[in-house]
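A.B. asks: For reference, this is structure_13.cif, and it has mmCIF, C-alpha atoms.
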```cif
data_query
loop_
_atom_site.group_PDB
_atom_site.id
_atom_site.type_symbol
_atom_site.label_atom_id
_atom_site.label_comp_id
_atom_site.auth_asym_id
_atom_site.auth_seq_id
_atom_site.Cartn_x
_atom_site.Cartn_y
_atom_site.Cartn_z
ATOM 1 C CA MET A 1 0.000 0.000 0.000
ATOM 2 C CA ASN A 2 1.421 3.350 -1.079
ATOM 3 C CA LEU A 3 1.237 5.803 1.790
ATOM 4 C CA ASN A 4 0.749 9.496 1.118
ATOM 5 C CA PHE A 5 0.194 12.323 3.581
ATOM 6 C CA THR A 6 -3.583 11.764 3.811
ATOM 7 C CA LYS A 7 -3.240 8.052 4.530
ATOM 8 C CA MET A 8 -0.515 8.655 7.103
ATOM 9 C CA LEU A 9 -2.694 11.294 8.783
ATOM 10 C CA PHE A 10 -5.652 8.943 9.222
ATOM 11 C CA LEU A 11 -3.382 6.150 10.463
ATOM 12 C CA MET A 12 -1.843 8.488 13.043
ATOM 13 C CA ILE A 13 -5.320 9.579 14.185
ATOM 14 C CA LEU A 14 -6.324 5.910 14.453
ATOM 15 C CA ILE A 15 -3.324 5.149 16.667
ATOM 16 C CA PHE A 16 -3.884 8.307 18.725
ATOM 17 C CA SER A 17 -7.563 7.478 19.312
ATOM 18 C CA THR A 18 -6.690 4.063 20.716
ATOM 19 C CA PHE A 19 -4.084 5.431 23.128
ATOM 20 C CA PHE A 20 -6.475 8.253 24.063
ATOM 21 C CA SER A 21 -9.168 5.756 25.056
ATOM 22 C CA ILE A 22 -6.995 3.342 27.026
ATOM 23 C CA SER A 23 -5.294 6.181 28.931
ATOM 24 C CA SER A 24 -8.503 8.041 29.847
ATOM 25 C CA SER A 25 -9.661 8.263 33.428
ATOM 26 C CA ASN A 26 -13.439 8.289 32.810
ATOM 27 C CA TRP A 27 -15.908 6.508 30.590
ATOM 28 C CA PHE A 28 -16.946 9.526 28.531
ATOM 29 C CA SER A 29 -13.363 10.155 27.444
ATOM 30 C CA MET A 30 -13.129 6.517 26.402
ATOM 31 C CA TRP A 31 -16.337 6.924 24.422
ATOM 32 C CA MET A 32 -14.888 9.984 22.686
ATOM 33 C CA GLY A 33 -11.815 7.943 21.776
ATOM 34 C CA LEU A 34 -14.057 5.248 20.278
ATOM 35 C CA GLU A 35 -15.836 7.839 18.134
ATOM 36 C CA LEU A 36 -12.531 9.318 16.974
ATOM 37 C CA ASN A 37 -11.398 5.803 16.128
ATOM 38 C CA LEU A 38 -14.539 5.260 14.045
ATOM 39 C CA PHE A 39 -14.129 8.506 12.089
ATOM 40 C CA SER A 40 -10.479 7.744 11.323
ATOM 41 C CA ILE A 41 -10.896 4.150 10.163
ATOM 42 C CA ILE A 42 -13.741 4.863 7.719
ATOM 43 C CA PRO A 43 -11.408 6.588 5.190
ATOM 44 C CA ILE A 44 -8.814 3.814 5.706
ATOM 45 C CA PHE A 45 -11.346 1.248 4.535
ATOM 46 C CA ASN A 46 -11.769 3.192 1.297
ATOM 47 C CA PHE A 47 -8.122 3.764 0.357
ATOM 48 C CA LYS A 48 -8.860 1.604 -2.697
ATOM 49 C CA SER A 49 -12.433 2.582 -3.340
ATOM 50 C CA SER A 50 -14.757 -0.031 -4.844
ATOM 51 C CA ILE A 51 -18.407 -0.917 -4.556
ATOM 52 C CA TYR A 52 -17.552 -3.777 -2.180
ATOM 53 C CA SER A 53 -15.451 -1.646 0.141
ATOM 54 C CA ILE A 54 -18.140 1.052 0.226
ATOM 55 C CA GLU A 55 -20.774 -1.545 1.152
ATOM 56 C CA SER A 56 -18.575 -2.981 3.913
ATOM 57 C CA THR A 57 -17.803 0.508 5.181
ATOM 58 C CA MET A 58 -21.507 1.374 5.427
ATOM 59 C CA LYS A 59 -22.181 -1.848 7.344
ATOM 60 C CA TYR A 60 -19.356 -1.099 9.743
ATOM 61 C CA PHE A 61 -20.418 2.522 10.235
ATOM 62 C CA LEU A 62 -24.064 1.656 10.972
ATOM 63 C CA ILE A 63 -23.155 -1.081 13.450
ATOM 64 C CA GLN A 64 -20.550 1.007 15.253
ATOM 65 C CA ALA A 65 -22.811 4.070 15.358
ATOM 66 C CA PHE A 66 -25.647 1.984 16.806
ATOM 67 C CA THR A 67 -23.413 0.481 19.502
ATOM 68 C CA SER A 68 -21.948 3.905 20.342
ATOM 69 C CA ILE A 69 -25.440 5.315 20.894
ATOM 70 C CA ILE A 70 -26.366 2.393 23.147
ATOM 71 C CA LEU A 71 -23.131 2.754 25.114
ATOM 72 C CA LEU A 72 -23.658 6.494 25.562
ATOM 73 C CA ILE A 73 -27.238 5.980 26.759
ATOM 74 C CA PHE A 74 -26.117 3.419 29.335
ATOM 75 C CA LEU A 75 -23.323 5.698 30.541
ATOM 76 C CA ILE A 76 -25.634 8.718 30.916
ATOM 77 C CA ASN A 77 -28.594 6.948 32.487
ATOM 78 C CA LYS A 78 -26.874 4.657 34.950
ATOM 79 C CA SER A 79 -29.258 5.620 37.747
ATOM 80 C CA MET A 80 -32.277 4.499 35.702
ATOM 81 C CA PHE A 81 -31.131 0.874 35.701
ATOM 82 C CA PHE A 82 -30.805 0.416 39.457
ATOM 83 C CA PHE A 83 -32.587 -2.968 39.274
ATOM 84 C CA TRP A 84 -29.811 -4.533 37.156
ATOM 85 C CA ASN A 85 -26.051 -4.596 37.226
ATOM 86 C CA ASN A 86 -24.666 -1.653 35.244
ATOM 87 C CA ASN A 87 -21.695 -3.667 34.057
ATOM 88 C CA ILE A 88 -23.976 -6.019 32.112
ATOM 89 C CA LEU A 89 -25.491 -3.101 30.228
ATOM 90 C CA ILE A 90 -22.121 -1.547 29.433
ATOM 91 C CA ILE A 91 -20.493 -4.764 28.271
ATOM 92 C CA LEU A 92 -23.150 -5.571 25.640
ATOM 93 C CA PRO A 93 -22.248 -2.756 23.202
ATOM 94 C CA LEU A 94 -18.538 -3.426 23.808
ATOM 95 C CA LEU A 95 -19.007 -7.073 22.830
ATOM 96 C CA MET A 96 -20.809 -5.906 19.701
ATOM 97 C CA LYS A 97 -17.943 -3.569 18.834
ATOM 98 C CA MET A 98 -15.484 -6.463 19.149
ATOM 99 C CA SER A 99 -17.826 -8.811 17.236
ATOM 100 C CA LEU A 100 -17.851 -11.369 20.041
ATOM 101 C CA MET A 101 -20.641 -13.776 20.888
ATOM 102 C CA PRO A 102 -23.549 -13.329 20.637
ATOM 103 C CA PHE A 103 -23.012 -10.286 18.373
ATOM 104 C CA HIS A 104 -20.405 -11.727 16.014
ATOM 105 C CA LEU A 105 -22.272 -12.467 12.777
ATOM 106 C CA TRP A 106 -21.760 -9.003 11.299
ATOM 107 C CA LEU A 107 -17.968 -9.375 11.041
ATOM 108 C CA PRO A 108 -17.679 -12.187 8.413
ATOM 109 C CA SER A 109 -20.165 -10.509 6.061
ATOM 110 C CA MET A 110 -18.563 -7.102 6.489
ATOM 111 C CA ILE A 111 -14.960 -8.247 6.155
ATOM 112 C CA GLU A 112 -15.501 -9.792 2.722
ATOM 113 C CA GLY A 113 -15.429 -6.452 0.894
ATOM 114 C CA LEU A 114 -12.295 -5.010 2.538
ATOM 115 C CA ASN A 115 -8.696 -5.198 1.395
ATOM 116 C CA TRP A 116 -6.170 -7.226 3.364
ATOM 117 C CA PHE A 117 -4.667 -4.242 5.197
ATOM 118 C CA SER A 118 -8.100 -3.227 6.498
ATOM 119 C CA CYS A 119 -8.729 -6.852 7.494
ATOM 120 C CA LEU A 120 -5.529 -6.815 9.555
ATOM 121 C CA LEU A 121 -6.699 -3.699 11.381
ATOM 122 C CA MET A 122 -10.087 -5.285 12.088
ATOM 123 C CA PHE A 123 -8.565 -8.506 13.401
ATOM 124 C CA THR A 124 -6.024 -6.856 15.696
ATOM 125 C CA TRP A 125 -5.953 -3.113 16.332
ATOM 126 C CA GLN A 126 -9.710 -2.512 16.531
ATOM 127 C CA LYS A 127 -10.070 -4.959 19.411
ATOM 128 C CA ILE A 128 -7.676 -3.182 21.771
ATOM 129 C CA THR A 129 -9.930 -0.410 23.087
ATOM 130 C CA PRO A 130 -13.082 -2.505 23.805
ATOM 131 C CA MET A 131 -10.988 -5.153 25.556
ATOM 132 C CA ILE A 132 -9.307 -2.591 27.791
ATOM 133 C CA MET A 133 -12.692 -1.037 28.602
ATOM 134 C CA ILE A 134 -14.140 -4.436 29.552
ATOM 135 C CA SER A 135 -11.140 -5.127 31.793
ATOM 136 C CA TYR A 136 -12.011 -1.983 33.812
ATOM 137 C CA LEU A 137 -15.381 -3.468 34.767
ATOM 138 C CA ASN A 138 -15.848 -5.485 37.936
ATOM 139 C CA PHE A 139 -17.274 -8.385 36.023
ATOM 140 C CA ASN A 140 -17.581 -12.074 36.744
ATOM 141 C CA LYS A 141 -15.268 -14.172 34.558
ATOM 142 C CA ILE A 142 -17.784 -16.987 34.305
ATOM 143 C CA LEU A 143 -20.427 -14.571 32.996
ATOM 144 C CA ILE A 144 -17.944 -13.321 30.404
ATOM 145 C CA LEU A 145 -17.600 -16.865 29.116
ATOM 146 C CA MET A 146 -21.357 -17.114 28.620
ATOM 147 C CA PHE A 147 -21.020 -14.476 25.933
ATOM 148 C CA THR A 148 -17.637 -15.265 24.426
ATOM 149 C CA LEU A 149 -16.966 -18.984 24.651
ATOM 150 C CA LEU A 150 -19.821 -20.476 22.673
ATOM 151 C CA LEU A 151 -18.919 -22.894 19.887
ATOM 152 C CA ILE A 152 -21.295 -21.382 17.331
ATOM 153 C CA ASN A 153 -18.573 -19.143 15.922
ATOM 154 C CA SER A 154 -16.469 -22.174 14.975
ATOM 155 C CA ILE A 155 -19.391 -24.149 13.586
ATOM 156 C CA TYR A 156 -20.394 -21.158 11.457
ATOM 157 C CA GLY A 157 -17.092 -21.317 9.589
ATOM 158 C CA PHE A 158 -17.237 -24.999 8.622
ATOM 159 C CA ASN A 159 -18.693 -24.325 5.160
ATOM 160 C CA GLN A 160 -16.653 -21.208 4.382
ATOM 161 C CA ASN A 161 -14.270 -21.048 1.436
ATOM 162 C CA SER A 162 -13.300 -17.394 1.739
ATOM 163 C CA LEU A 163 -9.937 -16.818 3.394
ATOM 164 C CA ARG A 164 -11.169 -13.527 4.834
ATOM 165 C CA LYS A 165 -14.134 -15.185 6.554
ATOM 166 C CA ILE A 166 -11.946 -18.006 7.869
ATOM 167 C CA LEU A 167 -9.530 -15.508 9.391
ATOM 168 C CA ALA A 168 -12.513 -13.548 10.755
ATOM 169 C CA MET A 169 -13.808 -16.615 12.594
ATOM 170 C CA SER A 170 -10.274 -17.278 13.801
ATOM 171 C CA SER A 171 -10.132 -13.720 15.093
ATOM 172 C CA ILE A 172 -13.363 -14.250 17.048
ATOM 173 C CA ASN A 173 -11.919 -17.416 18.575
ATOM 174 C CA ASN A 174 -8.607 -15.805 19.525
ATOM 175 C CA SER A 175 -10.438 -12.767 20.911
ATOM 176 C CA SER A 176 -12.023 -15.073 23.487
ATOM 177 C CA TRP A 177 -8.549 -16.271 24.488
ATOM 178 C CA MET A 178 -7.291 -12.681 24.644
ATOM 179 C CA MET A 179 -10.293 -11.654 26.739
ATOM 180 C CA MET A 180 -9.551 -14.370 29.246
ATOM 181 C CA ALA A 181 -5.842 -13.492 29.247
ATOM 182 C CA LEU A 182 -6.675 -9.834 29.921
ATOM 183 C CA LEU A 183 -8.873 -10.777 32.862
ATOM 184 C CA MET A 184 -6.063 -12.931 34.259
ATOM 185 C CA ASN A 185 -3.067 -10.658 33.751
ATOM 186 C CA GLU A 186 -2.392 -7.593 31.599
ATOM 187 C CA LYS A 187 1.169 -8.691 30.764
ATOM 188 C CA LEU A 188 -0.170 -12.056 29.648
ATOM 189 C CA TRP A 189 -2.628 -10.276 27.339
ATOM 190 C CA ILE A 190 0.122 -8.093 25.867
ATOM 191 C CA ASN A 191 2.257 -11.139 25.054
ATOM 192 C CA TYR A 192 -0.711 -12.963 23.526
ATOM 193 C CA PHE A 193 -1.723 -9.936 21.446
ATOM 194 C CA LEU A 194 1.791 -9.294 20.127
ATOM 195 C CA ILE A 195 2.232 -12.918 19.031
ATOM 196 C CA TYR A 196 -1.195 -12.924 17.396
ATOM 197 C CA LEU A 197 -0.374 -9.646 15.633
ATOM 198 C CA ILE A 198 2.890 -11.053 14.240
ATOM 199 C CA LEU A 199 1.243 -14.240 12.963
ATOM 200 C CA ASN A 200 -1.662 -12.400 11.349
ATOM 201 C CA SER A 201 0.655 -9.864 9.747
ATOM 202 C CA MET A 202 2.784 -12.566 8.123
ATOM 203 C CA ILE A 203 -0.073 -14.682 6.786
ATOM 204 C CA ILE A 204 -2.047 -11.655 5.540
ATOM 205 C CA PHE A 205 1.096 -10.317 3.861
ATOM 206 C CA ILE A 206 1.365 -13.555 1.874
ATOM 207 C CA PHE A 207 -2.318 -13.520 0.907
ATOM 208 C CA ASN A 208 -2.069 -9.894 -0.148
ATOM 209 C CA GLN A 209 1.155 -10.322 -2.125
ATOM 210 C CA TYR A 210 -0.182 -13.250 -4.152
ATOM 211 C CA ASN A 211 -3.785 -11.980 -4.327
ATOM 212 C CA MET A 212 -5.332 -15.026 -2.691
ATOM 213 C CA ASN A 213 -8.951 -14.665 -1.584
ATOM 214 C CA TYR A 214 -10.372 -18.197 -1.585
ATOM 215 C CA ILE A 215 -9.156 -21.631 -0.506
ATOM 216 C CA ASN A 216 -9.464 -23.022 -4.032
ATOM 217 C CA GLN A 217 -6.739 -20.646 -5.183
ATOM 218 C CA LEU A 218 -4.226 -22.563 -3.083
ATOM 219 C CA LYS A 219 -4.802 -25.588 -5.306
ATOM 220 C CA PHE A 220 -4.007 -23.814 -8.561
ATOM 221 C CA PHE A 221 -1.238 -21.624 -7.227
ATOM 222 C CA ASN A 222 2.373 -22.188 -8.257
ATOM 223 C CA MET A 223 4.523 -22.455 -5.137
ATOM 224 C CA ASN A 224 7.894 -24.025 -4.572
ATOM 225 C CA TYR A 225 8.430 -26.492 -1.744
ATOM 226 C CA PHE A 226 10.079 -24.026 0.629
ATOM 227 C CA PHE A 227 7.191 -21.633 0.217
ATOM 228 C CA LYS A 228 4.738 -24.476 0.907
ATOM 229 C CA LEU A 229 6.655 -25.334 4.059
ATOM 230 C CA ASN A 230 6.575 -21.693 5.112
ATOM 231 C CA MET A 231 2.807 -21.500 4.598
ATOM 232 C CA LEU A 232 2.273 -24.721 6.542
ATOM 233 C CA MET A 233 4.356 -23.467 9.467
ATOM 234 C CA LEU A 234 2.385 -20.230 9.578
ATOM 235 C CA ILE A 235 -0.943 -22.074 9.473
ATOM 236 C CA PHE A 236 0.183 -24.543 12.157
ATOM 237 C CA SER A 237 1.378 -21.628 14.260
ATOM 238 C CA ILE A 238 -1.910 -19.757 14.089
ATOM 239 C CA MET A 239 -3.663 -23.062 14.848
ATOM 240 C CA GLY A 240 -1.725 -23.200 18.110
ATOM 241 C CA LEU A 241 0.011 -26.521 17.491
ATOM 242 C CA PRO A 242 3.293 -27.247 19.296
ATOM 243 C CA PRO A 243 6.115 -26.403 18.933
ATOM 244 C CA MET A 244 5.124 -23.319 16.899
ATOM 245 C CA LEU A 245 4.952 -19.746 18.152
ATOM 246 C CA GLY A 246 1.143 -19.810 18.302
ATOM 247 C CA PHE A 247 1.290 -22.611 20.859
ATOM 248 C CA LEU A 248 3.340 -20.413 23.191
ATOM 249 C CA MET A 249 0.634 -17.743 23.505
ATOM 250 C CA LYS A 250 -2.006 -20.351 24.353
ATOM 251 C CA TRP A 251 0.276 -22.327 26.656
ATOM 252 C CA MET A 252 0.918 -19.221 28.780
ATOM 253 C CA LEU A 253 -2.829 -18.757 29.324
ATOM 254 C CA ILE A 254 -3.428 -22.463 29.999
ATOM 255 C CA LYS A 255 -0.638 -22.462 32.578
ATOM 256 C CA ASN A 256 -2.138 -19.438 34.373
ATOM 257 C CA LEU A 257 -5.598 -21.028 34.379
ATOM 258 C CA MET A 258 -4.175 -24.203 35.909
ATOM 259 C CA LEU A 259 -2.357 -22.234 38.602
ATOM 260 C CA ASN A 260 -5.617 -20.452 39.485
ATOM 261 C CA ASN A 261 -7.620 -23.715 39.535
ATOM 262 C CA LEU A 262 -9.852 -22.646 36.639
ATOM 263 C CA ILE A 263 -9.874 -26.105 35.075
ATOM 264 C CA LEU A 264 -13.406 -25.833 33.641
ATOM 265 C CA ILE A 265 -12.599 -22.647 31.753
ATOM 266 C CA MET A 266 -9.389 -24.214 30.449
ATOM 267 C CA ILE A 267 -11.298 -27.252 29.123
ATOM 268 C CA ILE A 268 -13.874 -25.022 27.399
ATOM 269 C CA LEU A 269 -11.138 -22.988 25.727
ATOM 270 C CA MET A 270 -9.319 -26.097 24.517
ATOM 271 C CA MET A 271 -12.512 -27.685 23.192
ATOM 272 C CA MET A 272 -13.330 -24.456 21.389
ATOM 273 C CA SER A 273 -9.906 -24.500 19.707
ATOM 274 C CA ILE A 274 -10.387 -28.113 18.590
ATOM 275 C CA PHE A 275 -13.549 -27.110 16.732
ATOM 276 C CA ASN A 276 -11.710 -24.181 15.225
ATOM 277 C CA LEU A 277 -8.903 -26.399 13.865
ATOM 278 C CA PHE A 278 -11.169 -27.590 11.068
ATOM 279 C CA LEU A 279 -11.024 -24.135 9.484
ATOM 280 C CA TYR A 280 -7.259 -24.398 9.055
ATOM 281 C CA LEU A 281 -7.195 -28.061 8.074
ATOM 282 C CA LYS A 282 -9.083 -27.152 4.910
ATOM 283 C CA MET A 283 -6.276 -24.758 4.030
ATOM 284 C CA THR A 284 -3.543 -27.310 4.670
ATOM 285 C CA TYR A 285 -5.349 -29.918 2.543
ATOM 286 C CA PHE A 286 -4.901 -27.930 -0.668
ATOM 287 C CA ILE A 287 -1.243 -27.274 0.147
ATOM 288 C CA LEU A 288 -0.239 -30.806 1.156
ATOM 289 C CA PHE A 289 -2.395 -33.218 -0.835
ATOM 290 C CA ASN A 290 -2.844 -31.450 -4.145
ATOM 291 C CA PHE A 291 -0.361 -31.026 -6.959
ATOM 292 C CA ASN A 292 -0.167 -27.494 -8.252
ATOM 293 C CA ILE A 293 -0.386 -26.809 -11.973
ATOM 294 C CA SER A 294 3.011 -25.646 -13.235
ATOM 295 C CA ASN A 295 3.334 -23.906 -16.587
ATOM 296 C CA LYS A 296 6.519 -23.442 -18.569
ATOM 297 C CA TRP A 297 5.821 -19.754 -18.996
ATOM 298 C CA PHE A 298 5.260 -19.248 -15.264
ATOM 299 C CA TYR A 299 7.567 -16.543 -14.003
ATOM 300 C CA GLN A 300 9.078 -17.285 -10.631
ATOM 301 C CA ASN A 301 9.841 -14.419 -8.342
ATOM 302 C CA LYS A 302 13.590 -14.272 -7.670
ATOM 303 C CA ASN A 303 13.223 -12.161 -4.572
ATOM 304 C CA TYR A 304 13.557 -14.855 -1.918
ATOM 305 C CA PHE A 305 14.273 -12.480 0.961
ATOM 306 C CA LYS A 306 10.635 -12.072 2.006
ATOM 307 C CA LYS A 307 10.077 -15.830 1.912
ATOM 308 C CA ASN A 308 13.275 -16.650 3.786
ATOM 309 C CA ILE A 309 12.677 -14.066 6.508
ATOM 310 C CA PHE A 310 9.322 -15.704 7.303
ATOM 311 C CA MET A 311 11.025 -19.093 7.391
ATOM 312 C CA PHE A 312 13.681 -17.700 9.735
ATOM 313 C CA ILE A 313 11.005 -16.280 12.071
ATOM 314 C CA ASN A 314 9.185 -19.628 12.156
ATOM 315 C CA PHE A 315 12.325 -21.591 13.020
ATOM 316 C CA CYS A 316 13.280 -19.032 15.680
ATOM 317 C CA SER A 317 9.793 -19.373 17.199
ATOM 318 C CA ILE A 318 10.310 -23.144 17.512
ATOM 319 C CA LEU A 319 13.604 -22.601 19.362
ATOM 320 C CA ILE A 320 11.987 -20.015 21.656
ATOM 321 C CA ASN A 321 9.203 -22.448 22.528
ATOM 322 C CA TYR A 322 11.658 -25.188 23.440
ATOM 323 C CA ILE A 323 13.676 -22.801 25.604
ATOM 324 C CA ILE A 324 10.651 -21.342 27.451
ATOM 325 C CA ILE A 325 8.505 -24.468 27.842
ATOM 326 C CA TYR A 326 11.219 -27.047 28.465
#
```
Spell out the structure here as structure tokens.
C.D. replies:
Amino acid sequence: MNLNFTKMLFLMILIFSTFFSISSSNWFSMWMGLELNLFSIIPIFNFKSSIYSIESTMKYFLIQAFTSIILLIFLINKSMFFFWNNNILIILPLLMKMSLMPFHLWLPSMIEGLNWFSCLLMFTWQKITPMIMISYLNFNKILILMFTLLLINSIYGFNQNSLRKILAMSSINNSSWMMMALLMNEKLWINYFLIYLILNSMIIFIFNQYNMNYINQLKFFNMNYFFKLNMLMLIFSIMGLPPMLGFLMKWMLIKNLMLNNLILIMIILMMMSIFNLFLYLKMTYFILFNFNISNKWFYQNKNYFKKNIFMFINFCSILINYIIIY
């Protein structure tokens, strides 16, 4: 993506709005940061304007505007809802902003019309502020799981062929892990989020560079064996399989849950990830068990630096896991 002054300005406002919200001392300042975040990300979605991006932008704007109004009403009229816990009312619009259960179905349909850079922002950066705001609430962890740890989000992605929708359902699943990590320990959440950001950035970079949008394109795509191995390691890592880097972020949370005797929550999280593995197994099937069509006139890219640097990061992640875990 070519960055000019206008694009850099909106990206800087987007970053500023997030830090403004998480560093505020009252709820209304956080709400103002959320609105500034919304106004700055709308032009980012339309850097490459098309009818699909405009449709997705309108969906996102209407949903976020609706949740912002609900959040503002609950913040203003707290005294009116004395018969119910205020935290329950505040957390509902925040869950909708993060596209977590039971308000998650708008994300896969909206994400389909965006470019890969906007998808990366939706999967990672846009979840920071609502998560921090939820962590400020005195809320029961078990009640959080009633909203976030349902298996419907994984079952919904079983029949999906779009890579964007598969990564969207993966983002919903990992957001539940990040939510639990944030409620346990802020440093644990930071480590989990950074690892998830690195993995998503690498796999989205590959999809964007080779213009891959659907799983079927992996079957007819010309890739050498090292590039296949690199893709498999990235997919296994985001699946959370040992000894990849993605396993480290989940192992840290599992270890903290065991130390705090939250065995039931740990079992629910692990079962949820098992259902979510099917989404990635469909991707690995076309890479492992299908022969790609190779043409004589196919031009191979001689720039192997970008491929090798991903391979180097994956091998380093395996060594880090062995050092930390064992």
A.B. asks: Which is closest to Met184 of chain A among A:Leu262, A:Leu218, A:Leu163, A:Leu232, if we use only C-alpha atoms?
C.D. replies: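 Of A:Leu262, A:Leu218, A:Leu163, A:Leu232, the one nearest Met184 of chain A, counting only C-alpha atoms, is A:Leu262.
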A.B. asks: Rounded to one decimal, what separation in Å do you get between atom CA of Phe247 of chain A and atom CA of Asn213 of chain A?
C.D. replies: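 Those two atoms sit 25.9 Å apart.
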A.B. asks: Between atom CA of Ile134 of chain A and atom CA of Leu245 of chain A, what is the distance, to one decimal in Å?
C.D. replies: 27.0 Å
A.B. asks: Give as a VMD selection string the residues that the PyMOL selection byres ((chain A and resi 279-289) around 6) matches when applied to the coordinates above.
C.D. replies: chain A and resid 218 to 219 276 to 278 290
A.B. asks: How many Å lie between atom CA of Ala65 of chain A and atom CA of Phe28 of chain A, rounded to one decimal?
C.D. replies: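 These atoms are spaced 15.4 Å apart.
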A.B. asks: Only C-alpha atoms, as a compact mmCIF listing (two decimals), in the first residue's frame: that is what I want for segment 198-215 of chain A.
C.D. replies:
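Here's the written file out-v2.txt:
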```txt
# COMPACT_ATOMS: atom_id res chain seq x y z
CA ILE A 198 2.89 -11.05 14.24
CA LEU A 199 1.24 -14.24 12.96
CA ASN A 200 -1.66 -12.40 11.35
CA SER A 201 0.66 -9.86 9.75
CA MET A 202 2.78 -12.57 8.12
CA ILE A 203 -0.07 -14.68 6.79
CA ILE A 204 -2.05 -11.66 5.54
CA PHE A 205 1.10 -10.32 3.86
CA ILE A 206 1.37 -13.55 1.87
CA PHE A 207 -2.32 -13.52 0.91
CA ASN A 208 -2.07 -9.89 -0.15
CA GLN A 209 1.15 -10.32 -2.13
CA TYR A 210 -0.18 -13.25 -4.15
CA ASN A 211 -3.79 -11.98 -4.33
CA MET A 212 -5.33 -15.03 -2.69
CA ASN A 213 -8.95 -14.66 -1.58
CA TYR A 214 -10.37 -18.20 -1.59
CA ILE A 215 -9.16 -21.63 -0.51
```
